[in-house]
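What follows is the content of protein-v2.csv (CSV, C-alpha atoms and all ligand atoms).
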```csv
chain,number,residue,atom,x,y,z
R,57,MET,CA,58.4,109.4,164.7
R,58,SER,CA,57.6,112.3,167.0
R,59,GLY,CA,53.9,112.7,166.7
R,60,ARG,CA,50.6,111.6,165.3
R,61,GLY,CA,52.0,109.0,162.8
R,62,SER,CA,49.6,109.3,159.9
R,63,ASN,CA,52.4,108.3,157.6
R,64,LEU,CA,53.0,105.3,159.8
R,65,GLN,CA,49.3,104.4,159.6
R,66,ALA,CA,49.3,104.6,155.8
R,67,ILE,CA,52.3,102.3,155.7
R,68,ILE,CA,50.6,99.8,158.1
R,69,ASP,CA,47.4,99.9,156.0
R,70,ASN,CA,49.3,99.3,152.8
R,71,ILE,CA,51.1,96.4,154.3
R,72,GLU,CA,47.9,94.9,155.7
R,73,LYS,CA,46.1,95.2,152.4
R,74,GLY,CA,49.0,93.6,150.5
R,75,ALA,CA,50.0,96.7,148.6
R,76,LEU,CA,53.4,96.9,150.2
R,77,SER,CA,55.7,94.0,150.8
R,78,ALA,CA,57.4,95.0,154.0
R,79,GLU,CA,57.3,94.2,157.7
R,80,ILE,CA,57.6,96.8,160.4
R,81,ALA,CA,60.1,95.5,163.0
R,82,VAL,CA,59.7,98.4,165.4
R,83,VAL,CA,58.3,101.9,165.8
R,84,ILE,CA,60.4,104.2,167.8
R,85,SER,CA,59.5,107.7,169.1
R,86,ASP,CA,61.3,110.3,171.1
R,87,GLN,CA,57.9,111.3,172.6
R,88,GLU,CA,56.4,109.0,175.2
R,89,ASP,CA,52.9,110.1,174.3
R,90,ALA,CA,53.3,110.0,170.5
R,91,TYR,CA,50.1,108.7,168.9
R,92,ALA,CA,52.4,106.8,166.5
R,93,LEU,CA,53.3,104.5,169.4
R,94,GLU,CA,49.7,103.9,170.1
R,95,ARG,CA,49.0,103.1,166.5
R,96,ALA,CA,51.8,100.6,166.4
R,97,ARG,CA,50.5,98.8,169.6
R,98,LYS,CA,47.1,98.6,168.1
R,99,HIS,CA,48.6,96.6,165.2
R,100,LYS,CA,50.8,94.4,167.5
R,101,ILE,CA,54.0,96.2,166.3
R,102,PRO,CA,56.7,96.7,168.9
R,103,ALA,CA,56.6,100.3,170.1
R,104,VAL,CA,59.6,101.8,171.8
R,105,HIS,CA,60.0,105.2,173.4
R,106,ILE,CA,63.6,106.4,173.5
R,107,ASP,CA,63.8,109.4,175.8
R,108,ALA,CA,66.1,112.3,174.7
R,109,LYS,CA,66.3,113.5,178.3
R,110,LYS,CA,68.1,110.3,179.2
R,111,HIS,CA,70.9,110.9,176.7
R,112,LYS,CA,73.3,113.7,177.1
R,113,THR,CA,74.3,114.3,173.5
R,114,ARG,CA,72.7,113.8,170.1
R,115,ASP,CA,75.4,111.2,169.4
R,116,ALA,CA,74.4,109.2,172.5
R,117,TYR,CA,70.8,109.4,171.5
R,118,ASP,CA,71.5,108.1,168.1
R,119,ALA,CA,73.7,105.3,169.5
R,120,ALA,CA,70.7,104.2,171.5
R,121,LEU,CA,68.6,104.3,168.3
R,122,VAL,CA,71.2,102.2,166.5
R,123,GLY,CA,71.3,99.7,169.3
R,124,GLU,CA,67.5,99.2,169.2
R,125,LEU,CA,67.4,99.0,165.4
R,126,LYS,CA,70.3,96.6,165.1
R,127,LYS,CA,68.8,94.4,167.8
R,128,ARG,CA,65.8,93.9,165.6
R,129,THR,CA,67.9,93.4,162.4
R,130,VAL,CA,66.2,96.3,160.6
R,131,ASP,CA,67.1,96.7,156.9
R,132,LEU,CA,65.6,100.1,156.3
R,133,VAL,CA,64.9,103.0,158.7
R,134,CYS,CA,62.0,105.3,157.8
R,135,LEU,CA,61.7,108.7,159.4
R,136,ALA,CA,58.2,110.2,159.4
R,137,GLY,CA,57.8,113.4,161.3
R,138,PHE,CA,60.9,112.6,163.4
R,139,MET,CA,61.7,116.1,164.6
R,140,ARG,CA,65.3,115.6,165.5
R,141,ILE,CA,68.6,116.3,163.7
R,142,ILE,CA,70.2,113.0,162.8
R,143,THR,CA,73.9,112.5,163.5
R,144,PRO,CA,76.5,110.6,161.6
R,145,VAL,CA,76.3,107.9,164.3
R,146,LEU,CA,72.9,106.8,162.8
R,147,ILE,CA,73.8,107.6,159.2
R,148,LYS,CA,77.0,105.5,159.2
R,149,ALA,CA,75.2,102.6,160.9
R,150,PHE,CA,72.7,102.5,158.0
R,151,PRO,CA,74.4,103.9,154.9
R,152,ASN,CA,71.8,104.6,152.2
R,153,ARG,CA,69.3,102.8,154.3
R,154,ILE,CA,67.5,105.7,155.9
R,155,LEU,CA,64.5,107.4,154.2
R,156,ASN,CA,62.7,110.6,155.2
R,157,ILE,CA,59.5,112.2,154.0
R,158,HIS,CA,59.4,116.0,153.9
R,159,PRO,CA,56.3,118.1,153.1
R,160,SER,CA,57.8,120.3,150.3
R,161,LEU,CA,59.3,119.9,146.9
R,162,LEU,CA,62.9,119.8,148.1
R,163,PRO,CA,65.2,121.6,147.8
R,164,ALA,CA,62.5,124.3,148.3
R,165,PHE,CA,61.7,124.9,152.0
R,166,PRO,CA,63.8,122.5,154.0
R,167,GLY,CA,63.6,122.5,157.8
R,168,LEU,CA,60.6,123.4,159.9
R,169,HIS,CA,57.3,125.4,159.4
R,170,VAL,CA,57.4,124.2,155.8
R,171,GLN,CA,53.8,124.9,154.7
R,172,LYS,CA,54.0,128.4,156.2
R,173,LYS,CA,57.2,129.1,154.3
R,174,ALA,CA,55.5,127.9,151.1
R,175,LEU,CA,52.5,130.1,151.6
R,176,ASN,CA,54.5,133.2,152.6
R,177,HIS,CA,56.7,132.7,149.5
R,178,GLY,CA,53.6,132.6,147.2
R,179,VAL,CA,54.5,129.4,145.3
R,180,LYS,CA,51.7,128.0,143.1
R,181,PHE,CA,52.7,124.4,143.6
R,182,SER,CA,54.1,122.5,146.6
R,183,GLY,CA,54.2,118.9,147.4
R,184,CYS,CA,56.3,116.3,149.2
R,185,THR,CA,59.5,114.4,148.8
R,186,VAL,CA,60.9,111.0,149.9
R,187,HIS,CA,64.6,111.1,150.0
R,188,PHE,CA,67.6,109.2,151.3
R,189,VAL,CA,69.0,110.8,154.5
R,190,ASP,CA,72.5,112.2,154.4
R,191,GLU,CA,74.3,114.4,156.8
R,192,GLY,CA,72.6,117.6,155.9
R,193,VAL,CA,69.1,118.7,156.8
R,194,ASP,CA,66.7,117.5,154.1
R,195,THR,CA,69.5,117.4,151.5
R,196,GLY,CA,69.8,113.7,150.6
R,197,PRO,CA,69.2,112.2,147.2
R,198,ILE,CA,65.6,112.4,146.1
R,199,ILE,CA,63.7,109.2,145.4
R,200,ILE,CA,60.2,110.4,144.6
R,201,GLN,CA,58.1,113.6,144.7
R,202,ALA,CA,54.5,114.5,144.4
R,203,VAL,CA,53.1,117.9,143.5
R,204,VAL,CA,50.0,119.6,144.8
R,205,PRO,CA,48.5,123.1,143.9
R,206,VAL,CA,48.6,125.9,146.4
R,207,LEU,CA,45.3,127.7,146.3
R,208,ASP,CA,44.6,131.4,147.0
R,209,ASN,CA,42.6,130.7,150.1
R,210,ASP,CA,44.9,128.0,151.6
R,211,THR,CA,45.9,128.0,155.2
R,212,GLU,CA,48.8,126.1,156.7
R,213,ASN,CA,46.2,123.4,157.7
R,214,SER,CA,44.5,123.0,154.3
R,215,LEU,CA,47.8,122.9,152.5
R,216,SER,CA,49.2,120.4,155.0
R,217,GLU,CA,46.2,118.2,154.5
R,218,ARG,CA,46.5,118.2,150.7
R,219,ILE,CA,50.2,117.4,150.9
R,220,LEU,CA,49.7,114.7,153.5
R,221,LYS,CA,47.3,112.8,151.2
R,222,GLN,CA,50.2,112.5,148.7
R,223,GLU,CA,52.7,111.7,151.4
R,224,HIS,CA,50.6,108.7,152.3
R,225,LYS,CA,50.9,107.4,148.7
R,226,ILE,CA,54.5,108.1,147.9
R,227,TYR,CA,56.2,106.9,151.1
R,228,SER,CA,54.8,103.4,150.6
R,229,ARG,CA,55.8,103.5,147.0
R,230,ALA,CA,59.4,104.5,147.8
R,231,ILE,CA,59.6,101.7,150.4
R,232,GLN,CA,58.3,99.2,147.9
R,233,LEU,CA,60.9,100.3,145.3
R,234,PHE,CA,63.6,99.9,147.9
R,235,ALA,CA,62.3,96.5,149.0
R,236,GLU,CA,62.4,95.3,145.4
R,237,GLY,CA,66.0,96.5,145.1
R,238,ARG,CA,65.0,98.9,142.3
R,239,LEU,CA,66.8,102.0,143.6
R,240,THR,CA,70.3,102.9,142.6
R,241,ILE,CA,72.1,106.0,143.8
R,242,GLU,CA,74.7,107.8,141.7
R,243,GLY,CA,75.8,111.0,143.4
R,244,ARG,CA,72.7,113.1,143.9
R,245,HIS,CA,70.6,111.0,141.5
R,246,VAL,CA,68.4,108.1,142.4
R,247,PHE,CA,67.5,105.9,139.4
R,248,THR,CA,64.6,103.5,139.4
R,249,ILE,CA,65.6,100.3,137.7
R,250,SER,CA,63.1,99.4,135.0
R,251,GLY,CA,60.7,102.0,136.4
R,252,LYS,CA,57.6,102.8,134.3
R,253,THR,CA,56.5,106.4,134.3
R,254,ASP,CA,52.8,106.3,134.9
R,255,THR,CA,51.5,109.2,132.8
R,256,GLU,CA,48.1,109.0,134.5
R,257,GLU,CA,49.8,110.2,137.6
R,258,PHE,CA,52.0,112.8,136.1
R,259,LEU,CA,52.1,114.8,139.3
R,260,ILE,CA,54.0,112.0,141.0
R,261,ASN,CA,57.4,111.0,139.7
R,262,PRO,CA,58.4,108.2,139.4
B,1,LIG,C1,54.5,115.0,157.8
B,1,LIG,O1,53.9,116.0,157.1
B,1,LIG,C2,56.0,114.9,157.4
B,1,LIG,O2,56.2,115.2,156.1
B,1,LIG,C3,56.6,116.0,158.3
B,1,LIG,O3,55.9,115.8,159.5
B,1,LIG,C4,54.6,115.3,159.3
B,1,LIG,C5,54.4,114.1,160.1
B,1,LIG,O4,53.1,113.7,160.1
B,1,LIG,N1,58.0,115.9,158.4
B,1,LIG,C6,58.8,116.9,158.6
B,1,LIG,O5,58.4,118.1,158.5
B,1,LIG,C7,60.2,116.5,158.7
B,1,LIG,N2,61.1,117.7,158.6
B,1,LIG,P1,52.6,112.2,160.6
B,1,LIG,O6,53.2,112.1,162.0
B,1,LIG,O7,51.1,112.3,160.6
B,1,LIG,O8,53.2,111.2,159.7
```
Re-express the file's structure as structure tokens.
Amino acid sequence: MSGRGSNLQAIIDNIEKGALSAEIAVVISDQEDAYALERARKHKIPAVHIDAKKHKTRDAYDAALVGELKKRTVDLVCLAGFMRIITPVLIKAFPNRILNIHPSLLPAFPGLHVQKKALNHGVKFSGCTVHFVDEGVDTGPIIIQAVVPVLDNDTENSLSERILKQEHKIYSRAIQLFAEGRLTIEGRHVFTISGKTDTEEFLINP
């Protein structure tokens, strides 16, 4: 996490109300004053700041992350608004065990300033994506996506808010699928074992 941690909060809330069978072993941020850390502490979840300034290279930073995560026998690493490029040091330590949420319908608009790019491009729909993390930027195999309309009077803020509501649903859903061992990866494809397609929610797949 790098910032406000609304996705973290949605995950915590889903766990607490029994909608997600997972346990958060630790919340880590590269920003000391990230509100995400505060949210974790409020729920008695270990909150750790790992300072980029204390690590000379990206590899060294990721090695520190790996050390902290392994110490706590973490099964799955969930990135949410973690604004750093991840190196193979982290990826190789958790192969197919790192998820990320991104506020666009990948492969459209990877990287930063995503909602601005979507508005500037004039797309009529945008959305969000939960994907496994590979060595590229926002390129890993896609687990789940949700779609939202882009309206004529949208601003970056209003579009972000609409997308964020869906992020809060699909991240927990993806984690639950992972926890149930229902995701299989074949090349770029992620299949959901015995997944039902809920036609009521046809803008979220699966
Ligand atoms: C979310 O919109 C997430 O998709 C985005 O940062 C925001 C974090 O919000 N991530 C990226 O853009 C990653 N490239 P949050 O801190 O409230 O969960």
**Asked** Which one of R:Val83, R:Ala119, R:Val170, R:Ile260 sits closest to Pro144 of chain R if you count all atoms listed in the file?
**Response**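 Going through R:Val83, R:Ala119, R:Val170, R:Ile260 one by one, the smallest distance to Pro144 of chain R is for R:Ala119.
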**Item:** Surrounding residues of Asp89 of chain R excluding itself and chain neighbours under 3 positions, 10 Å, only C-alpha atoms, as a ChimeraX atom specification
**Value:** /R:58-60,85-86,92-94,105
If we count only C-alpha atoms and set the cut-off at 8 Å, which residues sit around segment 134-136 of chain R, ignoring sequence neighbours fewer than 6 positions away in its own chain? Please answer as a PDB file with C-alpha atoms, keeping the file's coordinate frame.
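And here is the file that came out, part.pdb:
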```
ATOM      1  CA  MET R  57      58.400 109.400 164.700  1.00  0.00           C
ATOM      2  CA  SER R  58      57.600 112.300 167.000  1.00  0.00           C
ATOM      3  CA  GLY R  61      52.000 109.000 162.800  1.00  0.00           C
ATOM      4  CA  ASN R  63      52.400 108.300 157.600  1.00  0.00           C
ATOM      5  CA  LEU R  64      53.000 105.300 159.800  1.00  0.00           C
ATOM      6  CA  ILE R 154      67.500 105.700 155.900  1.00  0.00           C
ATOM      7  CA  LEU R 155      64.500 107.400 154.200  1.00  0.00           C
ATOM      8  CA  ASN R 156      62.700 110.600 155.200  1.00  0.00           C
ATOM      9  CA  ILE R 157      59.500 112.200 154.000  1.00  0.00           C
TER      10      ILE R 157
END
```
**Message:** Using all atoms listed in the file for the distances, tell me which of R:Ile198, R:Val82, R:Val130, R:Ala116 is nearest to Tyr227 of chain R.
**Reply:**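 Nearest candidate to Tyr227 of chain R out of R:Ile198, R:Val82, R:Val130, R:Ala116: R:Ile198.
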**Prompt:** How would you write, as number ranges by chain, the set of residues no farther than 10 Å from ligand LIG 1 (chain B) when counting only C-alpha atoms and all ligand atoms?
**Reply:** R: 57-67, 90-92, 135-141, 156-160, 165-171, 183-186, 193-194, 216-217, 219-224, 227
**Prompt:** Using only C-alpha atoms, which residue out of R:Ile199, R:Val145, R:Ala96, R:Ala174 lies closest to Arg229 of chain R?
**Reply:** R:Ile199
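If you look at atom CA of Lys180 of chain R and atom CA of Leu207 of chain R, they are 7.2 Å away from each other.
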**Asked** Counting all atoms listed in the file, what is within 12 Å of Ala235 of chain R, bar same-chain residues fewer than 2 positions away, as a PyMOL selection string?
**Response** chain R and resi 76-79+131-133+153+228-233+237-239
**Item:** Given all atoms listed in the file as the counted atoms, nearest of R:Ala81, R:Ile249, R:Arg97, R:Gln201 to Pro262 of chain R
**Value:** R:Gln201
**Two-atom distance - atom CA of Ile80 of chain R, atom CA of Val104 of chain R (Å)** =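 Atom-to-atom, atom CA of Ile80 of chain R and atom CA of Val104 of chain R are spaced 12.6 Å apart.
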